[in-house]
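Shown below: query11.txt, with compact mmCIF, C-alpha atoms.
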```
# COMPACT_ATOMS: atom_id res chain seq x y z
CA MET A 1250 100.09 112.98 74.13
CA LEU A 1251 103.30 111.01 74.39
CA VAL A 1252 103.07 107.61 72.68
CA ARG A 1253 106.65 106.36 73.16
CA PHE A 1254 110.09 107.72 73.99
CA GLU A 1255 113.48 106.11 73.39
CA VAL A 1256 116.95 107.34 74.34
CA SER A 1257 120.50 105.99 74.36
CA ASN A 1258 123.79 107.37 75.71
CA HIS A 1259 122.38 109.91 78.15
CA ARG A 1260 123.67 110.12 81.73
CA SER A 1261 123.31 106.60 83.26
CA ILE A 1262 121.52 105.33 80.13
CA ASP A 1263 123.89 103.51 77.76
CA GLU A 1264 121.99 101.07 75.55
CA PRO A 1265 118.57 102.22 74.27
CA VAL A 1266 115.72 102.27 76.78
CA GLU A 1267 112.11 102.81 75.78
CA LEU A 1268 109.14 104.18 77.74
CA SER A 1269 105.81 103.39 76.08
CA MET A 1270 102.48 104.96 77.00
CA VAL A 1271 100.53 102.44 74.90
CA ALA A 1272 97.90 100.69 77.00
CA VAL A 1273 97.95 96.92 77.47
CA ASP A 1274 94.47 96.91 79.05
CA ASN A 1275 92.28 99.00 76.74
CA ASN A 1276 88.88 98.61 78.38
CA ARG A 1277 89.15 101.34 80.99
CA ALA A 1278 88.55 105.09 81.07
CA ALA A 1279 92.20 105.96 81.78
CA ALA A 1280 93.22 104.67 78.31
CA ARG A 1281 92.47 107.28 75.64
CA GLY A 1282 91.64 106.36 72.02
CA PHE A 1283 92.34 108.11 68.70
CA ASP A 1284 90.78 107.62 65.27
CA LEU A 1285 94.09 107.30 63.40
CA ILE A 1286 95.85 104.73 65.58
CA ASN A 1287 94.76 101.31 66.78
CA GLU A 1288 96.31 101.61 70.24
CA LYS A 1289 95.00 103.48 73.25
CA ILE A 1290 97.29 105.83 75.16
CA LEU A 1291 97.79 106.08 78.93
CA THR A 1292 97.71 109.29 80.93
CA VAL A 1293 99.89 108.04 83.83
CA ALA A 1294 103.18 106.14 84.12
CA GLY A 1295 105.15 105.49 87.31
CA ILE A 1296 108.83 104.49 87.37
CA TYR A 1297 110.07 102.45 90.36
CA GLY A 1298 113.50 101.15 91.29
CA PRO A 1299 116.33 101.33 93.83
CA ASN A 1300 118.34 104.48 94.48
CA ALA A 1301 120.97 105.16 91.80
CA SER A 1302 119.25 102.86 89.31
CA GLY A 1303 118.48 105.72 86.93
CA LYS A 1304 114.78 106.46 87.52
CA SER A 1305 115.34 110.20 87.47
CA ASN A 1306 117.56 109.98 84.39
CA VAL A 1307 114.68 108.61 82.32
CA LEU A 1308 112.67 111.73 83.15
CA ASP A 1309 115.76 113.89 82.67
CA ALA A 1310 116.20 112.55 79.13
CA ILE A 1311 112.65 113.58 78.19
CA ALA A 1312 113.13 116.98 79.82
CA TRP A 1313 116.53 117.42 78.09
CA LEU A 1314 114.99 116.85 74.67
CA SER A 1315 112.15 119.25 75.47
CA GLU A 1316 114.63 121.89 76.62
CA ALA A 1317 116.71 121.37 73.48
CA VAL A 1318 113.70 121.97 71.22
CA ALA A 1319 112.70 125.05 73.19
CA HIS A 1320 116.13 126.69 73.50
CA SER A 1321 118.77 125.37 71.08
CA LEU A 1322 118.13 128.22 68.64
CA ARG A 1323 118.87 130.88 71.24
CA SER A 1324 121.17 129.19 73.72
CA TRP A 1325 123.40 126.64 71.99
CA ASP A 1326 126.44 128.45 70.61
CA GLY A 1327 129.29 126.31 69.29
CA TYR A 1328 128.61 123.16 71.28
CA VAL A 1329 125.83 120.76 72.30
CA PRO A 1330 125.35 120.57 76.11
CA ARG A 1331 124.70 116.85 76.20
CA GLU A 1332 125.56 114.44 79.04
CA PRO A 1333 126.73 111.11 77.59
CA PHE A 1334 127.23 107.88 79.51
CA ARG A 1335 130.67 108.12 81.14
CA PHE A 1336 131.74 104.50 80.59
CA ASN A 1337 131.94 102.15 77.62
CA GLY A 1338 133.17 104.90 75.27
CA GLY A 1339 130.02 106.98 75.78
CA PRO A 1340 131.65 110.42 75.27
CA ALA A 1341 132.91 109.32 71.83
CA ARG A 1342 129.53 107.98 70.70
CA PRO A 1343 126.46 109.94 69.57
CA THR A 1344 123.34 110.34 71.70
CA LEU A 1345 120.06 109.29 70.10
CA PHE A 1346 116.49 110.36 70.88
CA GLU A 1347 113.27 109.07 69.32
CA VAL A 1348 109.83 110.30 70.31
CA GLU A 1349 106.30 109.65 69.07
CA MET A 1350 103.47 111.98 70.05
CA MET A 1351 99.83 112.60 69.20
CA VAL A 1352 99.17 116.27 68.37
CA ASP A 1353 95.65 117.33 67.33
CA GLY A 1354 94.78 113.69 66.70
CA VAL A 1355 97.74 113.06 64.35
CA ARG A 1356 100.71 110.87 65.20
CA TYR A 1357 104.20 112.36 64.76
CA SER A 1358 107.61 110.67 64.95
CA TYR A 1359 110.79 112.66 65.61
CA VAL A 1360 114.38 111.35 65.52
CA LEU A 1361 117.48 113.22 66.71
CA GLU A 1362 121.13 112.12 66.71
CA LEU A 1363 123.85 114.40 68.05
CA ASP A 1364 127.26 114.55 69.65
CA GLY A 1365 129.02 117.25 71.66
CA GLU A 1366 129.82 119.38 68.62
CA ARG A 1367 126.92 119.14 66.17
CA ILE A 1368 123.55 117.79 65.18
CA ARG A 1369 124.27 114.70 63.07
CA TYR A 1370 120.77 113.73 61.97
CA GLU A 1371 117.23 114.95 62.52
CA ALA A 1372 113.90 114.01 60.95
CA LEU A 1373 110.19 114.55 61.56
CA TYR A 1374 107.39 112.38 60.15
CA SER A 1375 103.62 112.64 60.46
CA PHE A 1376 100.96 109.97 59.88
CA PRO A 1377 97.79 111.86 58.89
CA GLU A 1378 96.36 108.81 57.09
CA ARG A 1379 98.24 106.11 59.04
CA ARG A 1380 101.03 106.22 56.44
CA PRO A 1381 104.33 108.05 57.07
CA ARG A 1382 104.82 111.47 55.52
CA ARG A 1383 108.29 113.04 55.87
CA LEU A 1384 108.02 116.69 56.86
CA PHE A 1385 111.75 117.39 56.99
CA GLU A 1386 115.04 115.53 57.17
CA ARG A 1387 118.44 116.91 58.05
CA GLU A 1388 121.89 115.33 57.70
CA GLY A 1389 124.59 117.62 59.04
CA MET A 1390 123.82 121.01 57.47
CA GLU A 1391 121.81 119.55 54.57
CA LEU A 1392 118.09 120.09 55.12
CA SER A 1393 115.28 118.80 52.89
CA ILE A 1394 111.71 120.01 53.45
CA ARG A 1395 108.49 118.48 52.16
CA ARG A 1396 106.80 120.22 49.27
CA GLY A 1397 103.94 122.36 50.46
CA LEU A 1398 105.84 123.53 53.53
CA GLY A 1399 107.32 126.58 51.82
CA SER A 1400 106.86 128.57 55.01
CA LEU A 1401 109.77 126.57 56.46
CA SER A 1402 112.24 127.73 53.80
CA GLY A 1403 113.50 130.35 56.25
CA VAL A 1404 114.72 127.56 58.57
CA ARG A 1405 117.86 127.17 56.43
CA GLU A 1406 118.96 130.72 57.27
CA LEU A 1407 118.66 130.02 61.01
CA LEU A 1408 120.37 126.64 60.91
CA THR A 1409 123.78 126.17 62.54
CA PRO A 1410 125.66 122.95 63.35
CA THR A 1411 124.30 123.14 66.92
CA THR A 1412 120.76 124.37 66.22
CA LEU A 1413 117.89 121.92 65.92
CA ALA A 1414 115.88 122.31 62.73
CA LEU A 1415 112.80 121.67 64.87
CA SER A 1416 113.71 124.62 67.09
CA ALA A 1417 114.08 126.90 64.08
CA SER A 1418 110.82 125.59 62.61
CA THR A 1419 108.81 126.90 65.58
CA ARG A 1420 109.49 130.42 64.25
CA PHE A 1421 107.33 129.74 61.18
CA GLU A 1422 103.64 128.95 60.81
CA SER A 1423 103.12 125.28 59.92
CA GLU A 1424 102.04 121.96 61.44
CA VAL A 1425 105.69 121.46 62.41
CA ARG A 1426 105.44 124.49 64.67
CA GLU A 1427 102.59 122.99 66.69
CA PHE A 1428 104.50 119.73 67.19
CA GLY A 1429 107.68 121.60 68.20
CA GLN A 1430 105.82 123.76 70.70
CA ARG A 1431 104.19 120.70 72.26
CA LEU A 1432 107.46 118.83 72.58
CA GLY A 1433 109.21 121.94 73.87
CA SER A 1434 106.68 122.56 76.66
CA ILE A 1435 107.22 119.42 78.75
CA GLY A 1436 107.92 120.40 82.36
CA LEU A 1437 110.06 118.56 84.90
CA THR A 1438 109.24 119.22 88.55
CA ALA A 1439 111.50 117.90 91.29
CA LEU A 1440 109.92 117.98 94.73
CA SER A 1441 112.16 118.73 97.67
CA ARG A 1442 111.44 118.77 101.36
CA PRO A 1443 110.38 122.33 102.28
CA ARG A 1444 112.65 124.22 104.61
CA ARG A 1445 112.12 127.27 106.75
CA ARG A 1446 113.37 130.14 104.66
CA ASP A 1447 113.58 133.90 104.72
CA PRO A 1448 109.92 135.02 104.59
CA SER A 1449 110.86 137.62 101.96
CA SER A 1450 111.65 134.77 99.55
CA PHE A 1451 107.89 134.04 99.41
CA LEU A 1452 107.03 137.57 98.26
CA LEU A 1453 105.86 137.85 94.66
CA ASP A 1454 106.17 140.42 91.93
CA ASP A 1455 105.84 140.24 88.15
CA ARG A 1456 109.57 139.60 87.75
CA ASN A 1457 110.01 136.61 90.06
CA VAL A 1458 106.95 134.46 89.43
CA PRO A 1459 107.52 131.60 86.94
CA ALA A 1460 104.74 131.04 84.41
CA ARG A 1461 103.90 127.51 85.64
CA SER A 1462 104.10 128.26 89.36
CA THR A 1463 101.20 128.23 91.80
CA GLY A 1464 102.01 131.84 92.69
CA ARG A 1465 101.51 132.94 89.08
CA LEU A 1466 98.29 130.93 88.80
CA ILE A 1467 96.91 132.50 91.97
CA LEU A 1468 97.84 136.01 90.84
CA ASP A 1469 96.21 135.37 87.46
CA SER A 1470 93.16 133.86 89.15
CA LEU A 1471 92.33 137.27 90.62
CA HIS A 1472 90.92 137.99 87.16
CA ASP A 1473 89.56 134.48 86.52
CA PRO A 1474 87.16 133.06 89.14
CA ASP A 1475 87.35 129.57 87.58
CA ASP A 1476 91.11 129.39 88.16
CA ALA A 1477 90.65 130.62 91.72
CA ALA A 1478 88.09 127.90 92.40
CA SER A 1479 90.43 125.23 90.97
CA VAL A 1480 93.34 126.39 93.12
CA LEU A 1481 91.20 126.44 96.25
CA ALA A 1482 89.75 122.99 95.53
CA LEU A 1483 93.23 121.47 95.20
CA LEU A 1484 94.47 123.22 98.34
CA ARG A 1485 91.60 121.65 100.26
CA TYR A 1486 92.88 118.22 99.20
CA ALA A 1487 95.93 118.90 101.38
CA ASP A 1488 94.13 120.49 104.30
CA LEU A 1489 90.38 120.44 104.68
CA GLY A 1490 90.66 123.39 107.06
CA ILE A 1491 91.70 125.79 104.25
CA ASP A 1492 88.75 128.08 103.55
CA ASP A 1493 90.17 130.71 101.18
CA VAL A 1494 93.27 132.22 99.58
CA GLN A 1495 94.31 135.83 100.09
CA VAL A 1496 96.71 138.00 98.10
CA VAL A 1497 98.05 140.80 100.31
CA GLU A 1498 100.20 143.81 99.41
CA VAL A 1499 103.38 143.75 101.53
CA LEU A 1500 106.07 146.34 102.11
CA ASP A 1501 109.48 144.91 101.25
CA GLU A 1502 112.11 147.06 102.93
CA ARG A 1503 114.78 145.87 100.48
CA HIS A 1504 112.71 147.01 97.47
CA PRO A 1505 110.47 149.87 98.66
CA ASP A 1506 109.92 151.09 95.10
CA ARG A 1507 108.51 147.79 93.90
CA PRO A 1508 105.04 146.46 94.76
CA ARG A 1509 105.24 143.03 96.35
CA ARG A 1510 102.50 140.59 97.24
CA SER A 1511 102.16 137.71 99.66
CA ILE A 1512 99.86 134.71 99.35
CA ARG A 1513 98.17 133.56 102.52
CA LEU A 1514 95.96 130.55 103.17
CA VAL A 1515 92.89 131.23 105.28
CA HIS A 1516 91.96 128.51 107.78
CA ARG A 1517 88.54 128.24 109.39
CA VAL A 1518 87.86 126.49 112.70
CA ASP A 1519 84.19 126.70 113.67
CA GLU A 1520 83.38 130.39 113.09
CA GLU A 1521 86.93 131.66 113.56
CA THR A 1522 89.32 132.33 110.65
CA HIS A 1523 93.06 133.01 110.54
CA ALA A 1524 95.35 133.67 107.57
CA PHE A 1525 98.71 131.83 107.51
CA GLU A 1526 101.76 132.63 105.41
CA ILE A 1527 102.89 129.76 103.16
CA PHE A 1528 106.06 129.25 105.22
CA ASP A 1529 103.91 128.66 108.32
CA GLU A 1530 102.05 125.78 106.71
CA SER A 1531 102.96 122.12 107.17
CA GLU A 1532 105.60 120.50 104.96
CA GLY A 1533 102.93 118.48 103.17
CA THR A 1534 100.82 121.56 102.42
CA GLN A 1535 103.89 123.47 101.18
CA THR A 1536 104.83 120.61 98.86
CA TRP A 1537 101.27 120.37 97.55
CA TYR A 1538 101.31 124.15 97.03
CA GLN A 1539 104.41 123.76 94.82
CA LEU A 1540 102.56 121.20 92.70
CA ILE A 1541 99.27 122.98 92.07
CA GLY A 1542 100.62 125.35 89.40
CA PRO A 1543 102.31 122.70 87.23
CA VAL A 1544 99.39 120.27 87.71
CA LEU A 1545 96.63 122.72 86.78
CA THR A 1546 98.65 124.06 83.84
CA ALA A 1547 99.14 120.51 82.52
CA LEU A 1548 95.47 119.57 82.97
CA ARG A 1549 94.22 122.81 81.44
CA ASP A 1550 96.50 122.69 78.38
CA GLY A 1551 96.74 118.91 77.88
CA GLN A 1552 100.50 118.95 78.56
CA ILE A 1553 102.98 116.32 79.75
CA LEU A 1554 104.15 116.75 83.35
CA LEU A 1555 107.27 114.99 84.61
CA LEU A 1556 107.41 114.67 88.39
CA ASP A 1557 110.53 113.37 90.12
CA GLU A 1558 110.02 111.80 93.58
CA ILE A 1559 106.26 112.22 93.74
CA ASP A 1560 106.25 110.98 97.34
CA ALA A 1561 108.58 113.72 98.69
CA SER A 1562 106.80 115.18 101.74
CA LEU A 1563 103.39 114.15 100.35
CA HIS A 1564 100.96 111.93 102.21
CA PRO A 1565 100.25 108.75 100.19
CA GLN A 1566 96.59 109.72 99.98
CA LEU A 1567 97.51 113.02 98.31
CA SER A 1568 99.76 111.25 95.83
CA ALA A 1569 96.94 108.84 95.00
CA GLN A 1570 94.55 111.77 94.53
CA LEU A 1571 97.04 113.32 92.11
CA LEU A 1572 97.11 110.15 90.00
CA GLU A 1573 93.32 110.10 89.97
CA LEU A 1574 93.22 113.65 88.58
CA PHE A 1575 95.17 112.51 85.52
CA GLN A 1576 93.49 109.11 85.13
CA ASN A 1577 89.93 110.43 85.30
CA PRO A 1578 88.59 111.83 81.97
CA GLU A 1579 86.31 114.20 83.88
CA THR A 1580 89.23 116.02 85.54
CA ASN A 1581 91.56 115.43 82.59
CA PRO A 1582 89.44 115.85 79.45
CA ASP A 1583 92.33 116.98 77.21
CA GLY A 1584 94.66 114.03 77.77
CA ALA A 1585 97.35 115.56 79.99
CA GLN A 1586 99.94 113.00 81.06
CA LEU A 1587 101.81 112.50 84.33
CA ILE A 1588 105.07 110.54 84.29
CA PHE A 1589 106.67 110.20 87.71
CA THR A 1590 109.29 108.42 89.79
CA SER A 1591 108.60 107.08 93.26
CA HIS A 1592 109.61 104.74 96.08
CA ASP A 1593 106.08 104.75 97.54
CA THR A 1594 104.74 101.23 97.10
CA ASN A 1595 101.30 102.35 98.36
CA LEU A 1596 100.82 104.06 95.00
CA LEU A 1597 101.01 100.71 93.24
CA ASN A 1598 97.47 100.13 94.51
CA SER A 1599 96.38 103.13 92.39
CA LEU A 1600 98.18 101.97 89.23
CA ASN A 1601 97.32 99.41 86.59
CA ARG A 1602 99.98 96.90 85.54
CA ASP A 1603 100.69 98.80 82.26
CA GLU A 1604 101.25 102.06 84.16
CA VAL A 1605 104.29 100.74 86.06
CA TRP A 1606 107.92 100.68 84.86
CA LEU A 1607 110.99 99.34 86.66
CA THR A 1608 114.62 100.47 86.55
CA GLU A 1609 117.63 98.39 87.49
CA LYS A 1610 121.34 99.05 87.45
CA ARG A 1611 123.27 96.78 85.08
CA ARG A 1612 126.73 95.40 85.85
CA ASN A 1613 128.32 98.16 83.74
CA ALA A 1614 126.50 100.82 85.87
CA SER A 1615 124.00 101.62 83.12
CA THR A 1616 120.22 101.82 83.49
CA ALA A 1617 117.77 99.15 82.33
CA LEU A 1618 114.08 100.05 81.99
CA VAL A 1619 111.48 97.27 81.94
CA ALA A 1620 107.70 97.37 81.59
CA LEU A 1621 106.02 95.63 84.52
CA ALA A 1622 103.26 94.35 82.23
CA GLU A 1623 105.83 92.32 80.30
CA PHE A 1624 108.20 91.50 83.16
CA GLY A 1625 110.32 88.43 82.55
CA GLY A 1626 108.69 87.86 79.17
CA ASP A 1627 105.40 86.78 80.78
CA LYS A 1628 102.41 89.04 81.12
CA VAL A 1629 101.75 90.05 84.72
CA ARG A 1630 98.17 89.19 85.66
CA ARG A 1631 95.88 92.19 85.81
CA SER A 1632 94.48 91.01 89.15
CA LEU A 1633 97.89 90.71 90.83
CA ASN A 1634 98.50 92.72 94.00
CA LEU A 1635 101.32 94.87 92.60
CA GLU A 1636 102.47 96.33 95.92
CA LYS A 1637 102.81 92.95 97.62
CA ALA A 1638 104.57 91.37 94.62
CA TYR A 1639 106.97 94.33 94.31
CA LEU A 1640 107.96 94.22 97.98
CA GLN A 1641 108.51 90.48 97.71
CA GLY A 1642 111.07 91.19 94.99
CA ARG A 1643 109.17 89.33 92.29
CA PHE A 1644 109.96 92.06 89.75
CA GLY A 1645 113.47 92.91 90.93
CA ALA A 1646 113.94 96.70 91.13
CA VAL A 1647 114.25 96.69 94.94
CA PRO A 1648 117.47 97.37 96.87
CA GLU A 1649 119.58 94.38 97.79
CA LEU A 1650 121.18 95.16 101.15
CA ASP A 1651 124.05 93.16 102.56
CA GLN A 1652 123.19 93.25 106.27
CA VAL A 1653 126.63 91.96 107.35
CA LEU A 1654 128.44 94.72 105.44
CA LEU A 1655 126.00 97.27 106.78
CA ARG A 1656 126.60 96.22 110.40
CA HIS A 1657 130.37 96.39 109.88
CA ALA A 1658 130.10 99.88 108.37
CA LEU A 1659 128.07 101.07 111.36
CA GLY A 1660 130.44 99.43 113.84
CA LEU A 1661 127.69 97.11 115.07
CA ALA A 1662 129.17 93.78 113.99
CA THR A 1663 130.16 91.25 116.61
CA GLU A 1664 132.25 88.12 116.34
CA ALA A 1665 129.12 86.00 116.53
CA GLY A 1666 127.37 88.12 113.90
CA ARG A 1667 130.10 87.80 111.27
```
Here is the file; what I need is its structure written in the form of structure tokens.
Amino acid sequence: MLVRFEVSNHRSIDEPVELSMVAVDNNRAAARGFDLINEKILTVAGIYGPNASGKSNVLDAIAWLSEAVAHSLRSWDGYVPREPFRFNGGPARPTLFEVEMMVDGVRYSYVLELDGERIRYEALYSFPERRPRRLFEREGMELSIRRGLGSLSGVRELLTPTTLALSASTRFESEVREFGQRLGSIGLTALSRPRRRDPSSFLLDDRNVPARSTGRLILDSLHDPDDAASVLALLRYADLGIDDVQVVEVLDERHPDRPRRSIRLVHRVDEETHAFEIFDESEGTQTWYQLIGPVLTALRDGQILLLDEIDASLHPQLSAQLLELFQNPETNPDGAQLIFTSHDTNLLNSLNRDEVWLTEKRRNASTALVALAEFGGDKVRRSLNLEKAYLQGRFGAVPELDQVLLRHALGLATEAGR
């Protein structure tokens, strides 16, 4: 589980911003406890703010670090594909990441500093008895490894100026490997409004079905009745008329030598049933269909799921149901976490004060991230109606629209209205 994440000099983020999953209100089921830390950890965090304030860039920073851990060893050749802040000398300054996570009940802390040409500094600590234990530390190309981790000696042979030591460590059996695999498996899902597309684009084969997709989960569920039941239960959240899921062999004229399959949703009205292709379903059902794979994978494996624009084409009730899946220990026994961005103020009624974060755009165009629970230096009351207070602008993080300028831009201004 993610405990805290800090980043500086990434996209619209200039000065360090920190996202903490530590609970302020501990006495509720959504806050999960561990033997080796005093704090309890949240399973949900929502980021709110105006357009262009940097909400998505907070998620992007977490996803960027995850991607770096997963792929720097194979994909980074001669440069670091970072995206520094464009102003205030950002391209000339290093980018810094810090992350704390709980893995198998033990807290880990990882620090990474890099620029466009090399990894400057990297270190990983664990706290198996609440005291820090350095597992490895790297400055430039100099790497020191804790005694007892001899299996990591091969990391030095894989190390390059642009390869993360943590990436190389996942090749070797050790506790570092488990941490690296967890950090490298964080998924970012960006919901978009479904569009009518070529029906052939919905056909599936073993070469075009991503591992975390709903299509892959449904194909795999043909051999696992429990997965099939989970998929069907979530589909019924979106449309109570869905009675079953079918996988049908389809002839694809463009690839006659390759078996292709189509997923259809079976609807029942009274005693009559009809199977619909996915592209014939409503926009809301299509969007929910996109989500089922990543959501079930995260819940099943206790992973972190990043979801940008959770309210895109989803009914507020569905979005609220999604939050409940992660908040409820019965549906989320392994501590999966959902971190999302949204404009939907209705969802504030489903969030506790420590599950809400606010972004604002500073005067220098950089992103500020503030915890709602500590807004303005004063604790927000737990009983406060968050939606009403947010819309009233009590926390900032809402668009400020100049109505006179807007009317002029639209050609609607009159002499009297100036």
query: Interatomic distance between atom CA of A:Arg1367 and atom CA of A:Glu1332?
result: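 Distance reported for this atom pair: 13.8 Å.
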- request: Please provide the set of residues having any atom within 7 Å of A:Thr1419, restricted to all atoms listed in the file, with same-chain residues fewer than 4 positions apart removed, written as number ranges by chain.
  value: A: 1415, 1426, 1429-1430
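We find atom CA of A:Glu1386 and atom CA of A:Leu1401 to be spaced 12.3 Å apart.
Considering only C-alpha atoms, the residue among A:Arg1281, A:Arg1503, A:His1592, A:His1320 positioned nearest to A:Gly1433 is A:His1320.
The residue set within 6 Å of A:Leu1291, counting all atoms listed in the file and dropping same-chain residues fewer than 4 places from it, reads Met1270, Ala1272 and Ala1280 of chain A.
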Mind dumping the selected residues with C-alpha atoms as a PDB file, keeping the file's coordinate frame?
```pdb
ATOM      1  CA  MET A1270     102.480 104.960  77.000  1.00  0.00           C
ATOM      2  CA  ALA A1272      97.900 100.690  77.000  1.00  0.00           C
ATOM      3  CA  ALA A1280      93.220 104.670  78.310  1.00  0.00           C
TER       4      ALA A1280
END
```
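The residue set within 10 Å of A:Ile1467, counting all atoms listed in the file and dropping same-chain residues fewer than 6 places from it, reads Asp1473, Asp1476, Ala1477, Ala1478, Ser1479, Val1480, Leu1481, Val1494, Gln1495, Val1496, Ile1512, Ile1541 and Gly1542 of chain A.
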query: So how many Å separate atom CA of A:Thr1409 and atom CA of A:Pro1381, to one decimal?
result: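 About the pair atom CA of A:Thr1409 and atom CA of A:Pro1381: they are 27.1 Å apart.
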task: Identify, on the basis of all atoms listed in the file, every residue whose closest approach to A:Arg1611 does not exceed 12 Å; exclude the query and any residue fewer than 4 positions from it along the same chain; express the result as a ChimeraX atom specification.
output: /A:1261-1264,1301-1303,1615-1618,1646
Could you give me the axis-aligned bounding box of stretch 1373-1378 of chain A, with 8 Å of padding per side, as centre plus edge lengths in Å to one decimal, as lines of an AutoDock Vina configuration file?
```
center_x = 103.3
center_y = 111.7
center_z = 59.3
size_x = 29.8
size_y = 21.7
size_z = 20.5
```
field: Of the listed residues A:Ala1585, A:Ala1561, A:Leu1407, A:Val1329, that which approaches A:Ile1290 most closely, counting all atoms listed in the file
entry: A:Ala1585
message: Can you pull out the residues contacting A:Trp1537? Cut-off 8 Å, using all atoms listed in the file, and skip same-chain residues under 4 positions away; I want them as a ChimeraX atom specification.
response: /A:1484,1487,1533,1541,1563
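Among A:Ala1524, A:Ile1394, A:Ala1414, A:Val1425, the residue with the shortest atom-to-atom distance to A:Asp1353, counting all atoms listed in the file, is A:Val1425.
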For the point (125.0, 116.7, 67.4) in the file's frame, write as a CSV table (one decimal) with C-alpha atoms, keeping the file's coordinate frame all residues with an atom no more than 12 Å away, counting all atoms listed in the file.
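Output (point_1.csv):
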```
chain,number,residue,atom,x,y,z
A,1317,ALA,CA,116.7,121.4,73.5
A,1321,SER,CA,118.8,125.4,71.1
A,1325,TRP,CA,123.4,126.6,72.0
A,1327,GLY,CA,129.3,126.3,69.3
A,1328,TYR,CA,128.6,123.2,71.3
A,1329,VAL,CA,125.8,120.8,72.3
A,1330,PRO,CA,125.4,120.6,76.1
A,1331,ARG,CA,124.7,116.8,76.2
A,1332,GLU,CA,125.6,114.4,79.0
A,1333,PRO,CA,126.7,111.1,77.6
A,1341,ALA,CA,132.9,109.3,71.8
A,1342,ARG,CA,129.5,108.0,70.7
A,1343,PRO,CA,126.5,109.9,69.6
A,1344,THR,CA,123.3,110.3,71.7
A,1345,LEU,CA,120.1,109.3,70.1
A,1346,PHE,CA,116.5,110.4,70.9
A,1361,LEU,CA,117.5,113.2,66.7
A,1362,GLU,CA,121.1,112.1,66.7
A,1363,LEU,CA,123.8,114.4,68.0
A,1364,ASP,CA,127.3,114.6,69.6
A,1365,GLY,CA,129.0,117.2,71.7
A,1366,GLU,CA,129.8,119.4,68.6
A,1367,ARG,CA,126.9,119.1,66.2
A,1368,ILE,CA,123.6,117.8,65.2
A,1369,ARG,CA,124.3,114.7,63.1
A,1370,TYR,CA,120.8,113.7,62.0
A,1371,GLU,CA,117.2,115.0,62.5
A,1387,ARG,CA,118.4,116.9,58.0
A,1388,GLU,CA,121.9,115.3,57.7
A,1389,GLY,CA,124.6,117.6,59.0
A,1390,MET,CA,123.8,121.0,57.5
A,1409,THR,CA,123.8,126.2,62.5
A,1410,PRO,CA,125.7,123.0,63.4
A,1411,THR,CA,124.3,123.1,66.9
A,1412,THR,CA,120.8,124.4,66.2
A,1413,LEU,CA,117.9,121.9,65.9
A,1414,ALA,CA,115.9,122.3,62.7
```
